[in-house]
Each structure stands twice: as structure tokens, then as C-alpha cells.
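Data from my_file19.txt: compact mmCIF, C-alpha atoms and all ligand atoms
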```txt
# COMPACT_ATOMS: atom_id res chain seq x y z
CA MET X 779 -2.37 -8.83 7.17
CA LYS X 780 -2.59 -12.38 5.95
CA ASN X 781 0.25 -14.79 6.31
CA LYS X 782 0.86 -15.93 2.75
CA LYS X 783 1.50 -19.55 1.95
CA LEU X 784 5.18 -20.15 2.33
CA ASN X 785 7.61 -22.00 0.18
CA VAL X 786 9.46 -23.52 3.11
CA VAL X 787 12.35 -24.84 1.05
CA HIS X 788 12.89 -21.35 -0.35
CA VAL X 789 12.74 -19.80 3.13
CA TRP X 790 15.27 -22.29 4.48
CA LYS X 791 17.67 -21.63 1.60
CA GLN X 792 17.37 -17.88 2.15
CA LEU X 793 18.07 -18.39 5.83
CA GLU X 794 21.26 -20.31 5.15
CA ASP X 795 22.44 -18.41 2.09
CA LEU X 796 21.49 -14.84 2.97
CA VAL X 797 20.33 -14.21 6.50
CA VAL X 798 23.14 -15.95 8.37
CA PRO X 799 26.04 -14.43 6.39
CA ARG X 800 24.55 -10.97 5.84
CA LEU X 801 23.39 -10.44 9.40
CA HIS X 802 26.48 -12.19 10.80
CA LEU X 803 24.32 -14.39 12.97
CA SER X 804 26.11 -16.23 15.76
CA VAL X 805 25.28 -19.84 16.52
CA HIS X 806 22.93 -18.66 19.27
CA ASP X 807 21.25 -16.03 17.09
CA ARG X 808 20.72 -18.61 14.41
CA ALA X 809 19.25 -21.18 16.80
CA VAL X 810 16.89 -18.61 18.29
CA TYR X 811 15.78 -17.15 14.94
CA SER X 812 15.20 -20.63 13.48
CA HIS X 813 13.17 -21.67 16.48
CA LEU X 814 11.02 -18.53 16.44
CA LEU X 815 10.50 -18.76 12.67
CA ARG X 816 9.47 -22.39 13.04
CA ARG X 817 6.95 -21.58 15.77
CA SER X 818 5.46 -18.52 14.10
CA ARG X 819 5.55 -18.09 10.34
CA LEU X 820 5.83 -21.77 9.54
CA GLU X 821 2.70 -22.30 11.62
CA GLY X 822 0.85 -19.47 9.89
CA ARG X 823 1.30 -16.93 12.71
CA LEU X 824 2.79 -13.50 12.18
CA GLU X 825 3.35 -12.80 15.85
CA LEU X 826 4.47 -14.98 18.70
CA ARG X 827 4.21 -14.57 22.45
CA PHE X 828 6.83 -16.45 24.41
CA SER X 829 8.88 -16.48 27.59
CA ILE X 830 12.66 -16.49 27.58
CA LEU X 831 12.59 -19.80 29.44
CA TRP X 832 10.45 -21.39 26.73
CA LEU X 833 12.73 -19.99 24.04
CA ALA X 834 15.89 -21.12 25.79
CA ARG X 835 14.57 -24.65 26.11
CA GLY X 836 13.36 -24.80 22.54
CA ALA X 837 16.57 -23.44 21.03
CA CYS X 838 18.79 -25.41 23.45
CA VAL X 839 20.63 -22.35 24.72
CA SER X 840 20.89 -20.73 28.15
CA GLY X 841 18.36 -18.14 29.24
CA TRP X 842 21.04 -15.47 29.12
CA ALA X 843 22.04 -16.45 25.56
CA ALA X 844 18.38 -16.50 24.45
CA ARG X 845 17.75 -13.02 25.85
CA LYS X 846 20.87 -11.61 24.20
CA ALA X 847 20.01 -13.25 20.90
CA VAL X 848 16.51 -11.74 20.90
CA ARG X 849 18.01 -8.29 21.46
CA ARG X 850 20.47 -8.72 18.61
CA LEU X 851 17.79 -10.09 16.27
CA VAL X 852 15.58 -7.09 17.03
CA ALA X 853 18.51 -4.72 16.39
CA LYS X 854 19.24 -6.45 13.08
CA GLY X 855 15.63 -6.28 11.95
CA ALA X 856 14.92 -10.02 11.95
CA LEU X 857 12.39 -9.55 14.75
CA ARG X 858 10.10 -6.67 15.55
CA LEU X 859 9.40 -6.32 19.22
CA ALA X 860 5.71 -5.61 19.78
CA GLU X 861 5.61 -6.01 23.54
CA ARG X 862 7.88 -6.91 26.43
CA SER X 863 6.61 -7.51 29.93
CA ARG X 864 7.00 -9.83 32.86
CA ALA X 865 4.69 -12.21 31.04
CA GLY X 866 7.14 -12.47 28.16
CA HIS X 867 7.89 -11.10 24.74
CA VAL X 868 5.60 -10.60 21.78
CA VAL X 869 7.51 -10.38 18.51
CA LYS X 870 6.75 -10.32 14.84
CA VAL X 871 9.13 -12.74 13.20
CA ARG X 872 10.23 -11.48 9.80
CA LEU X 873 10.80 -13.85 6.94
CA PRO X 874 14.25 -13.62 5.31
CA GLU X 875 12.81 -11.63 2.39
CA GLU X 876 11.17 -9.17 4.81
CA ILE X 877 14.43 -8.26 6.54
CA ARG X 878 15.56 -5.02 4.96
CA SER X 879 19.27 -5.38 5.63
CA VAL X 880 19.31 -8.81 4.04
CA GLY X 881 18.57 -7.23 0.65
CA ALA X 882 14.94 -7.98 -0.03
CA GLY X 883 15.14 -6.52 -3.53
CA LYS X 884 17.59 -9.15 -4.64
CA ILE X 885 15.58 -11.93 -3.10
CA ALA X 886 12.40 -10.62 -4.67
CA ALA X 887 14.17 -10.53 -8.03
CA CYS X 888 14.95 -14.22 -7.67
CA ALA X 889 11.30 -14.86 -6.86
CA ALA X 890 10.18 -12.76 -9.81
CA VAL X 891 12.19 -14.90 -12.17
CA ARG X 892 10.38 -17.96 -10.94
CA VAL X 893 6.86 -16.56 -11.25
CA PRO X 894 6.98 -15.74 -14.96
CA SER X 895 8.32 -19.20 -15.67
CA VAL X 896 4.68 -20.22 -15.26
CA VAL X 897 3.85 -17.71 -17.96
CA ASN X 898 6.60 -19.06 -20.18
CA GLY X 899 4.78 -22.37 -19.92
CA GLY X 900 2.19 -20.83 -22.21
CA ASP X 901 -0.66 -19.61 -20.02
CA LEU X 902 -0.41 -15.98 -21.05
CA GLU X 903 -4.16 -15.49 -20.70
CA MET X 904 -4.05 -16.29 -17.00
CA ALA X 905 -0.98 -14.18 -16.22
CA ASP X 906 -1.46 -11.27 -13.83
CA PHE X 907 0.43 -8.36 -15.35
CA LEU X 908 -0.29 -6.04 -12.43
CA GLU X 909 0.52 -8.15 -9.41
CA THR X 910 3.53 -9.81 -11.02
CA ARG X 911 5.92 -6.88 -10.94
CA ALA X 912 8.38 -8.46 -13.33
CA LEU X 913 5.69 -8.57 -16.03
CA ARG X 914 4.63 -4.93 -15.82
CA PRO X 915 7.40 -3.62 -18.12
CA ALA X 916 6.09 -5.87 -20.88
CA ILE X 917 2.88 -3.81 -21.06
CA HIS X 918 4.80 -0.53 -21.17
CA ALA X 919 7.08 -1.91 -23.87
CA ARG X 920 4.09 -3.05 -25.96
CA GLU X 921 2.81 0.54 -26.10
CA GLY X 922 6.22 1.68 -27.31
CA GLY X 923 6.76 4.14 -24.49
CA ARG X 924 3.57 6.12 -25.18
CA CYS X 925 0.36 6.57 -23.24
CA PHE X 926 -2.23 4.23 -24.75
CA TYR X 927 -4.91 6.95 -24.50
CA CYS X 928 -3.35 10.34 -25.28
CA LEU X 929 -0.23 9.05 -27.10
CA ARG X 930 1.97 11.28 -25.00
CA ARG X 931 5.55 10.02 -24.65
CA LEU X 932 6.18 8.50 -21.25
CA THR X 933 9.15 8.17 -18.96
CA PRO X 934 9.47 5.45 -16.33
CA MET X 935 8.76 8.12 -13.71
CA VAL X 936 5.35 9.16 -15.00
CA ARG X 937 3.97 5.97 -16.46
CA CYS X 938 1.51 3.64 -14.82
CA LEU X 939 -0.72 0.74 -15.74
CA ASP X 940 -4.39 1.45 -16.30
CA HIS X 941 -7.37 -0.90 -16.47
CA VAL X 942 -9.30 -0.38 -19.71
CA VAL X 943 -12.33 -1.95 -18.06
CA PRO X 944 -12.10 -0.67 -14.46
CA ARG X 945 -11.77 -3.23 -11.73
CA VAL X 946 -15.06 -2.11 -10.21
CA ARG X 947 -16.71 -3.21 -13.47
CA GLY X 948 -15.05 -6.59 -13.41
CA GLY X 949 -11.90 -5.67 -15.36
CA ARG X 950 -9.04 -8.08 -14.83
CA ASN X 951 -5.27 -7.80 -14.64
CA GLY X 952 -4.55 -9.60 -17.88
CA TYR X 953 -2.70 -8.18 -20.89
CA ARG X 954 -6.04 -7.60 -22.68
CA ASN X 955 -7.20 -5.17 -20.04
CA LEU X 956 -4.04 -3.35 -18.95
CA VAL X 957 -2.42 -0.52 -20.87
CA SER X 958 0.47 1.82 -20.30
CA SER X 959 -0.86 5.24 -19.35
CA CYS X 960 0.36 8.65 -18.29
CA ALA X 961 -0.54 9.69 -14.76
CA VAL X 962 -2.92 12.39 -16.06
CA CYS X 963 -5.01 9.97 -18.14
CA ASN X 964 -4.92 7.43 -15.35
CA SER X 965 -6.43 9.90 -12.90
CA GLN X 966 -8.86 11.50 -15.39
CA LYS X 967 -10.29 8.30 -16.83
CA ARG X 968 -11.32 6.90 -13.46
CA GLU X 969 -14.26 4.54 -13.98
CA ARG X 970 -15.26 5.79 -17.40
CA ARG X 971 -15.48 3.45 -20.37
CA ALA X 972 -12.32 3.69 -22.45
CA GLU X 973 -14.30 4.71 -25.56
CA ASP X 974 -15.97 7.57 -23.69
CA PHE X 975 -12.67 8.72 -22.27
CA LEU X 976 -11.03 8.71 -25.71
CA ARG X 977 -13.90 10.79 -27.15
CA TRP X 978 -13.50 13.22 -24.29
CA LEU X 979 -9.75 13.50 -25.02
CA CYS X 980 -10.62 14.30 -28.63
CA ARG X 981 -13.09 17.00 -27.55
CA GLU X 982 -10.39 18.42 -25.27
CA GLY X 983 -8.06 18.63 -28.26
CA ARG X 984 -5.61 16.10 -26.93
CA LEU X 985 -6.32 13.65 -29.75
CA SER X 986 -7.02 14.41 -33.41
CA ALA X 987 -9.94 12.72 -35.19
CA GLY X 988 -7.49 10.44 -36.97
CA GLU X 989 -5.78 9.52 -33.72
CA LEU X 990 -9.17 8.82 -32.16
CA SER X 991 -10.01 6.26 -34.85
CA GLY X 992 -6.58 4.71 -34.38
CA ARG X 993 -7.22 4.41 -30.66
CA PHE X 994 -10.58 2.72 -31.26
CA ARG X 995 -8.87 0.19 -33.53
CA ALA X 996 -6.20 -0.40 -30.85
CA LEU X 997 -8.92 -0.96 -28.25
CA ALA X 998 -10.61 -3.55 -30.46
CA ARG X 999 -7.29 -5.31 -31.10
CA LEU X 1000 -6.50 -5.26 -27.39
CA ALA X 1001 -9.81 -6.87 -26.44
CA ALA X 1002 -9.36 -9.48 -29.19
CA GLY X 1003 -6.02 -10.51 -27.70
CA LYS X 1004 -4.06 -9.27 -30.71
CA LEU X 1005 -1.79 -6.98 -28.69
CA ARG X 1006 0.22 -9.66 -26.96
CA PRO X 1007 3.13 -8.30 -24.94
CA ALA X 1008 6.58 -9.78 -25.49
CA LEU X 1009 7.65 -11.38 -22.25
CA PRO X 1010 11.03 -10.26 -20.96
CA SER X 1011 13.92 -12.69 -20.70
CA PRO X 1012 15.09 -13.62 -17.18
CA SER X 1013 18.10 -11.27 -17.47
CA GLN X 1014 15.85 -8.36 -18.54
CA ARG X 1015 13.57 -9.07 -15.60
CA ASP X 1016 16.56 -8.96 -13.25
CA ARG X 1017 17.56 -5.58 -14.64
CA GLU X 1018 14.01 -4.21 -14.29
CA LYS X 1019 13.81 -5.39 -10.72
CA GLY X 1020 17.11 -3.75 -9.95
CA ARG X 1021 15.84 -0.31 -11.04
ZN ZN P 1101 -2.22 9.98 -21.37
```
Entire entry expressed as C-alpha cells:
Amino acid sequence: MKNKKLNVVHVWKQLEDLVVPRLHLSVHDRAVYSHLLRRSRLEGRLELRFSILWLARGACVSGWAARKAVRRLVAKGALRLAERSRAGHVVKVRLPEEIRSVGAGKIAACAAVRVPSVVNGGDLEMADFLETRALRPAIHAREGGRCFYCLRRLTPMVRCLDHVVPRVRGGRNGYRNLVSSCAVCNSQKRERRAEDFLRWLCREGRLSAGELSGRFRALARLAAGKLRPALPSPSQRDREKGR
């Protein structure tokens, strides 16, 4: 697991605004968590090995207070204890957004609002509609709630995003290569070319000849960048994230 590049200002704000009040951190807990976070995640390390004496000195608390604080932070999910021995503790220090009881969904929603602001700046072609969760609904909405391939009506429970040109063939995560698909088409298409898959659907009787031509036209329009998704407003993105 790679330690992603951190937005330290964001982490610090989350610590003050969310972690401390929601986990009811005492002054000692807070000093210990801050110190461990500083020495692990802010240095690019996921795990940290330390002795209680080292921690007590660093956080300016007594050894007894440091030990108690570590126990409480483990119980509250801010730390994950990997090892404890005479040599010391090994813990994984969780970032504020990784602590379940802090309400990661809400924090992630805040982050999601920021990411698409880059997209709103105009660089739609570079936007990643798969990895940026808040952008995924825009692709589903563009297809009008139907599977791009078989035209079956979709519900949020059965829909997924499918790569027209599979990733193994160099297909990207942009709006020109992602379509809303039912789970059946998604699993049956696999690494086939979209045109071949559509013909197969027609042979299977799941598309009429007229629908097949319509799908070919849609494919051409998609590749030409003519099927641009409407980006959701920040409030819509919040609602999507909350689902
Ligand atoms: Zn389908």
C-alpha cells in the first residue's frame, strides 16, 4: 500500500475540526496522536515502531499518560496496533479520513467537491470519470438510465461503468471511453471490441437491427467527444456521495 501524497493543511483541519471533537480526545490523546501522525504519515510512513519512553518525551507527557493514550487511540480506531513487545509498539497511524468513527464518508464528500473543481476549470478531456467517484453519476445520467449496449433500463443497484476500449487495450477513464452498463453486459463484453459485442447482442436477439445501427452511431459520437456528460453541481455531488 502506497502512502499517498498528503494535503497537510487538510489533514490538520480534519484533526482539529473532526477527530478531536468526534473521538472526544483528551489533551494527552491529542498530543500523542499528533506526535505519531507527524512521525509516520507526514514522513511518508504507514507504520511506526516506537517505545513508550520515546513517545512520552516527544509528546511531552508522562510514560503512564502516553501508554494510556495509545490504548485509547487504538480503541477509538485512530491507531491500529500491529505489534506490542518489550521492544516497543508497532502501530499503523490512521489519517483522520481513515478513522471510521470520525465519519470518513462526510470527509470524502468534502474532498470530492474539491476534485471536480479542477474539471470545472475546463479540462474535461483529462478528467478521470472512474477514479473520481463524484463524477461517475455523470456518465450514468448521460445514458439516461439505460445500459449503453443492450438499452436495458438500469437501477443504481445493477449499473456499472464499462470501458468501451478495454483497459488492457489502452482504454482510458475519460468520458469518451466510459459508458453506463448493466452488470450482464459488463461481464459478457469482457475484452471484446464494442462493435463486436453489439453485433453479438443483436444475434442473441437482445438488440433489433435498428437498435444496432443506433448503437453504432452512439459509439461514433462517443469517440468523437460528442457525448459530453453534464457535470453535477457541488450540491448534487454531496447527495450522490451520501447515498
Ligand atoms: Zn446491458
What residues have any atom no more than 7 Å from ligand ZN 1101 (chain P) when counting all atoms listed in the file, and can you list them as a PDB file with C-alpha atoms, in the frame of the given file?
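Final output, result_7.pdb:
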```pdb
ATOM      1  CA  CYS X 925       0.360   6.570 -23.240  1.00  0.00           C
ATOM      2  CA  PHE X 926      -2.230   4.230 -24.750  1.00  0.00           C
ATOM      3  CA  TYR X 927      -4.910   6.950 -24.500  1.00  0.00           C
ATOM      4  CA  CYS X 928      -3.350  10.340 -25.280  1.00  0.00           C
ATOM      5  CA  LEU X 929      -0.230   9.050 -27.100  1.00  0.00           C
ATOM      6  CA  ARG X 930       1.970  11.280 -25.000  1.00  0.00           C
ATOM      7  CA  SER X 959      -0.860   5.240 -19.350  1.00  0.00           C
ATOM      8  CA  CYS X 960       0.360   8.650 -18.290  1.00  0.00           C
ATOM      9  CA  ALA X 961      -0.540   9.690 -14.760  1.00  0.00           C
ATOM     10  CA  VAL X 962      -2.920  12.390 -16.060  1.00  0.00           C
ATOM     11  CA  CYS X 963      -5.010   9.970 -18.140  1.00  0.00           C
TER      12      CYS X 963
END
```
(Q) Given the point (11.0, 2.5, -17.8) in the file's coordinates, find the residues that have an atom at most 8 Å from it, counting all atoms listed in the file, and give them as a PyMOL selection string. (A) chain X and resi 915+918+933-935+937
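Distance check against Arg800 in chain X using all atoms listed in the file: of X:Leu908, X:Val942, X:Leu956, X:Val880, the minimum falls on X:Val880.
From CA of Arg872 in chain X back to CA of Val786 in chain X, the distance works out to 13.8 Å.
The coordinates place CA of Val871 in chain X at 6.5 Å from CA of Leu824 in chain X.
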Q: Write out as a ChimeraX atom specification which residues come within 10 Å of Glu921 in chain X when counting all atoms listed in the file, dropping same-chain ones fewer than 6 positions away.
A: /X:929,931-932,957-959,1005,1007
